[in-house]
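A.B. asks: The structure follows.
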Amino acid sequence: MKIASIGKRNFILFATSMFVVTVLLALSAFAQETQDPRASQGACGPKEVRFDALTTSGNPPTLEPGKALVFVSEVFKKVPGEWGNPTIRIGLDGAWMGATRANSYIAFSVDPGEHHLCTNWQSHFKRLSREAAFTGFTAEAGKTYYFRARIGYETVGAATTMTLDLDPVNPDEGKYLVASNPESTSHPQK
């Protein structure tokens with residue numbers, strides 16, 4: 001009888017310990033995921049930052065030792081009668097890297113590792129300023145990565161709206177987009 005009661009007590013103690021450990025692990029995982037998503041723009045930078053962007057001529061940047069090089073090319077095909085050129089903000093890992101304007105590109109160096117890229121339409125029109133697109137990639141030192149931020153049109157019923165997509169492109173298309181468009185330089189508005 002004593003052996004059975006000792007075994008039963010050990011089993012209850014073990015089961016209770018496992019329950020407590022399971023609850024603590026679950027609470028820890030839940031606490032990591034309870035950050036208010038509205039507090040961050042994810043891969044984008046702060047919502048209130050706006051850019052002045054201009055196109056320039058010059059040579060694209062070159063790879064820095066130990067880094068990867070990223071190109072983001074804006075592609076916008078205007079329909080007849082369309083006026084204005086959109087400014088697209090480019091974010092990486094929660095910080096703005098700059099902006100593009102009017103079928104241009106931006107280039108920047110990144111450290112090797114996982115990165116999260118964002119494009120966001122900078123507009124005074126609320127419906128356009130909500131347009132954003134996201135992708136992730138893992139950069140390797142010495143490599144070049146190309147992305148296309150494409151502004152398109154989507155028709156639903158009788159209404160046409162503009163959309164923003166962000167896609168990685170193969171190096172041949174990426175080099176073509178860089179060679180056939182000017183570089184964009186930008187700075188935050190004051």
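Here's how to read the names in the structure tokens: chain A, B, ... by the order shown, residue numbers from 1 in each chain, ligand numbers from 1 in the order shown.
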Find the spatial neighbours of A:Ala68, counting only C-alpha atoms, within a cut-off of 12 Å - ignore same-chain residues fewer than 4 positions away - and output them as a PyMOL selection string.

C.D. replies: chain A and resi 61-64+107-115+137-146

A.B. asks: Would you list, as JSON, numbers by chain, the residues of stretch 74-161 of chain A that end up in strand (DSSP E or B) under DSSP run on this structure's backbone?

C.D. replies: {"A": [74, 75, 76, 87, 88, 89, 90, 91, 92, 95, 96, 97, 98, 99, 100, 101, 105, 106, 107, 108, 109, 110, 113, 114, 115, 116, 117, 118, 119, 120, 121, 122, 132, 133, 134, 135, 136, 137, 138, 139, 144, 145, 146, 147, 148, 149, 150, 151, 152, 153, 154, 155, 156, 159, 160, 161]}

A.B. asks: Residues near stretch 85-101 of chain A, anyone? I mean within 10 Å using only C-alpha atoms, not counting same-chain ones fewer than 5 positions away, as an NGL selection string.

C.D. replies: :A and (40-47 or 49-55 or 72-76 or 78 or 106-110 or 114-123 or 128-129 or 131-136 or 149-151 or 164 or 182-188)

A.B. asks: Considering only helix (DSSP H, G or I) as DSSP defines it on the backbone, what residues of stretch 36-127 of chain A qualify? List them as a ChimeraX atom specification.

C.D. replies: /A:37-39,126-127

A.B. asks: Keeping all heavy atoms, export the residues of the selection given above as a PDB file, in the first residue's frame.

C.D. replies:
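Output (selection19.pdb):
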```pdb
ATOM      1  N   PRO A  37      -1.597  45.589 -33.569  1.00  0.00           N
ATOM      2  CA  PRO A  37      -1.068  45.769 -34.921  1.00  0.00           C
ATOM      3  C   PRO A  37      -1.206  47.195 -35.430  1.00  0.00           C
ATOM      4  O   PRO A  37      -0.510  47.603 -36.344  1.00  0.00           O
ATOM      5  CB  PRO A  37      -1.885  44.790 -35.767  1.00  0.00           C
ATOM      6  CG  PRO A  37      -3.078  44.449 -34.959  1.00  0.00           C
ATOM      7  CD  PRO A  37      -2.723  44.682 -33.522  1.00  0.00           C
ATOM      8  N   ARG A  38      -2.089  47.984 -34.847  1.00  0.00           N
ATOM      9  CA  ARG A  38      -2.246  49.377 -35.287  1.00  0.00           C
ATOM     10  C   ARG A  38      -1.097  50.244 -34.819  1.00  0.00           C
ATOM     11  O   ARG A  38      -0.891  51.335 -35.322  1.00  0.00           O
ATOM     12  CB  ARG A  38      -3.563  49.938 -34.769  1.00  0.00           C
ATOM     13  CG  ARG A  38      -4.771  49.232 -35.356  1.00  0.00           C
ATOM     14  CD  ARG A  38      -6.019  49.624 -34.640  1.00  0.00           C
ATOM     15  NE  ARG A  38      -5.909  49.157 -33.266  1.00  0.00           N
ATOM     16  CZ  ARG A  38      -6.805  49.338 -32.330  1.00  0.00           C
ATOM     17  NH1 ARG A  38      -7.901  49.987 -32.589  1.00  0.00           N
ATOM     18  NH2 ARG A  38      -6.630  48.875 -31.116  1.00  0.00           N
ATOM     19  N   ALA A  39      -0.306  49.769 -33.856  1.00  0.00           N
ATOM     20  CA  ALA A  39       0.808  50.555 -33.332  1.00  0.00           C
ATOM     21  C   ALA A  39       1.987  50.580 -34.297  1.00  0.00           C
ATOM     22  O   ALA A  39       2.871  51.405 -34.165  1.00  0.00           O
ATOM     23  CB  ALA A  39       1.250  49.989 -31.981  1.00  0.00           C
ATOM     24  N   LYS A 126      -7.160  59.736 -49.355  1.00  0.00           N
ATOM     25  CA  LYS A 126      -7.133  58.667 -48.362  1.00  0.00           C
ATOM     26  C   LYS A 126      -7.186  57.283 -49.000  1.00  0.00           C
ATOM     27  O   LYS A 126      -6.461  56.376 -48.598  1.00  0.00           O
ATOM     28  CB  LYS A 126      -8.292  58.849 -47.376  1.00  0.00           C
ATOM     29  CG  LYS A 126      -8.197  57.973 -46.165  1.00  0.00           C
ATOM     30  CD  LYS A 126      -9.263  58.327 -45.154  1.00  0.00           C
ATOM     31  CE  LYS A 126      -9.060  57.563 -43.874  1.00  0.00           C
ATOM     32  NZ  LYS A 126      -9.982  57.963 -42.844  1.00  0.00           N
ATOM     33  N   ARG A 127      -8.024  57.102 -50.009  1.00  0.00           N
ATOM     34  CA  ARG A 127      -8.161  55.769 -50.613  1.00  0.00           C
ATOM     35  C   ARG A 127      -6.860  55.325 -51.279  1.00  0.00           C
ATOM     36  O   ARG A 127      -6.547  54.150 -51.309  1.00  0.00           O
ATOM     37  CB  ARG A 127      -9.328  55.722 -51.596  1.00  0.00           C
ATOM     38  CG  ARG A 127      -9.135  56.514 -52.852  1.00  0.00           C
ATOM     39  CD  ARG A 127     -10.343  56.387 -53.792  1.00  0.00           C
ATOM     40  NE  ARG A 127     -10.234  57.277 -54.902  1.00  0.00           N
ATOM     41  CZ  ARG A 127      -9.497  57.046 -55.979  1.00  0.00           C
ATOM     42  NH1 ARG A 127      -8.832  55.926 -56.079  1.00  0.00           N
ATOM     43  NH2 ARG A 127      -9.444  57.918 -56.961  1.00  0.00           N
TER      44      ARG A 127
END
```

A.B. asks: So that I can see what lies close to A:Met162, please list as a PDB file with N, CA and C atoms, in the first residue's frame the residues with an atom at most 7 Å from it, counting only C-alpha atoms and leaving out residues fewer than 2 positions away in the same chain.

C.D. replies:
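Here's the written file part.pdb:
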```pdb
ATOM      1  N   ILE A 151       1.883  49.897 -60.232  1.00  0.00           N
ATOM      2  CA  ILE A 151       0.592  50.540 -60.021  1.00  0.00           C
ATOM      3  C   ILE A 151      -0.308  50.099 -61.168  1.00  0.00           C
ATOM      4  N   GLY A 152      -1.450  49.555 -60.818  1.00  0.00           N
ATOM      5  CA  GLY A 152      -2.352  49.052 -61.840  1.00  0.00           C
ATOM      6  C   GLY A 152      -3.764  49.549 -61.625  1.00  0.00           C
ATOM      7  N   TYR A 153      -4.633  49.088 -62.477  1.00  0.00           N
ATOM      8  CA  TYR A 153      -6.038  49.472 -62.427  1.00  0.00           C
ATOM      9  C   TYR A 153      -6.872  48.212 -62.256  1.00  0.00           C
ATOM     10  N   GLU A 154      -7.887  48.307 -61.438  1.00  0.00           N
ATOM     11  CA  GLU A 154      -8.798  47.186 -61.219  1.00  0.00           C
ATOM     12  C   GLU A 154     -10.220  47.693 -61.383  1.00  0.00           C
ATOM     13  N   THR A 160     -13.597  51.906 -61.370  1.00  0.00           N
ATOM     14  CA  THR A 160     -12.199  51.543 -61.578  1.00  0.00           C
ATOM     15  C   THR A 160     -11.390  52.141 -60.439  1.00  0.00           C
TER      16      THR A 160
END
```

A.B. asks: Using Å and a single decimal, report how far atom CA of A:Asn181 sits from atom CA of A:Arg148.

C.D. replies: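 Atom CA of A:Arg148 sits 12.2 Å away from atom CA of A:Asn181.
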
A.B. asks: Mind pulling up the distance from atom CA of A:Phe147 to atom CA of A:Asp167?

C.D. replies: 5.5 Å
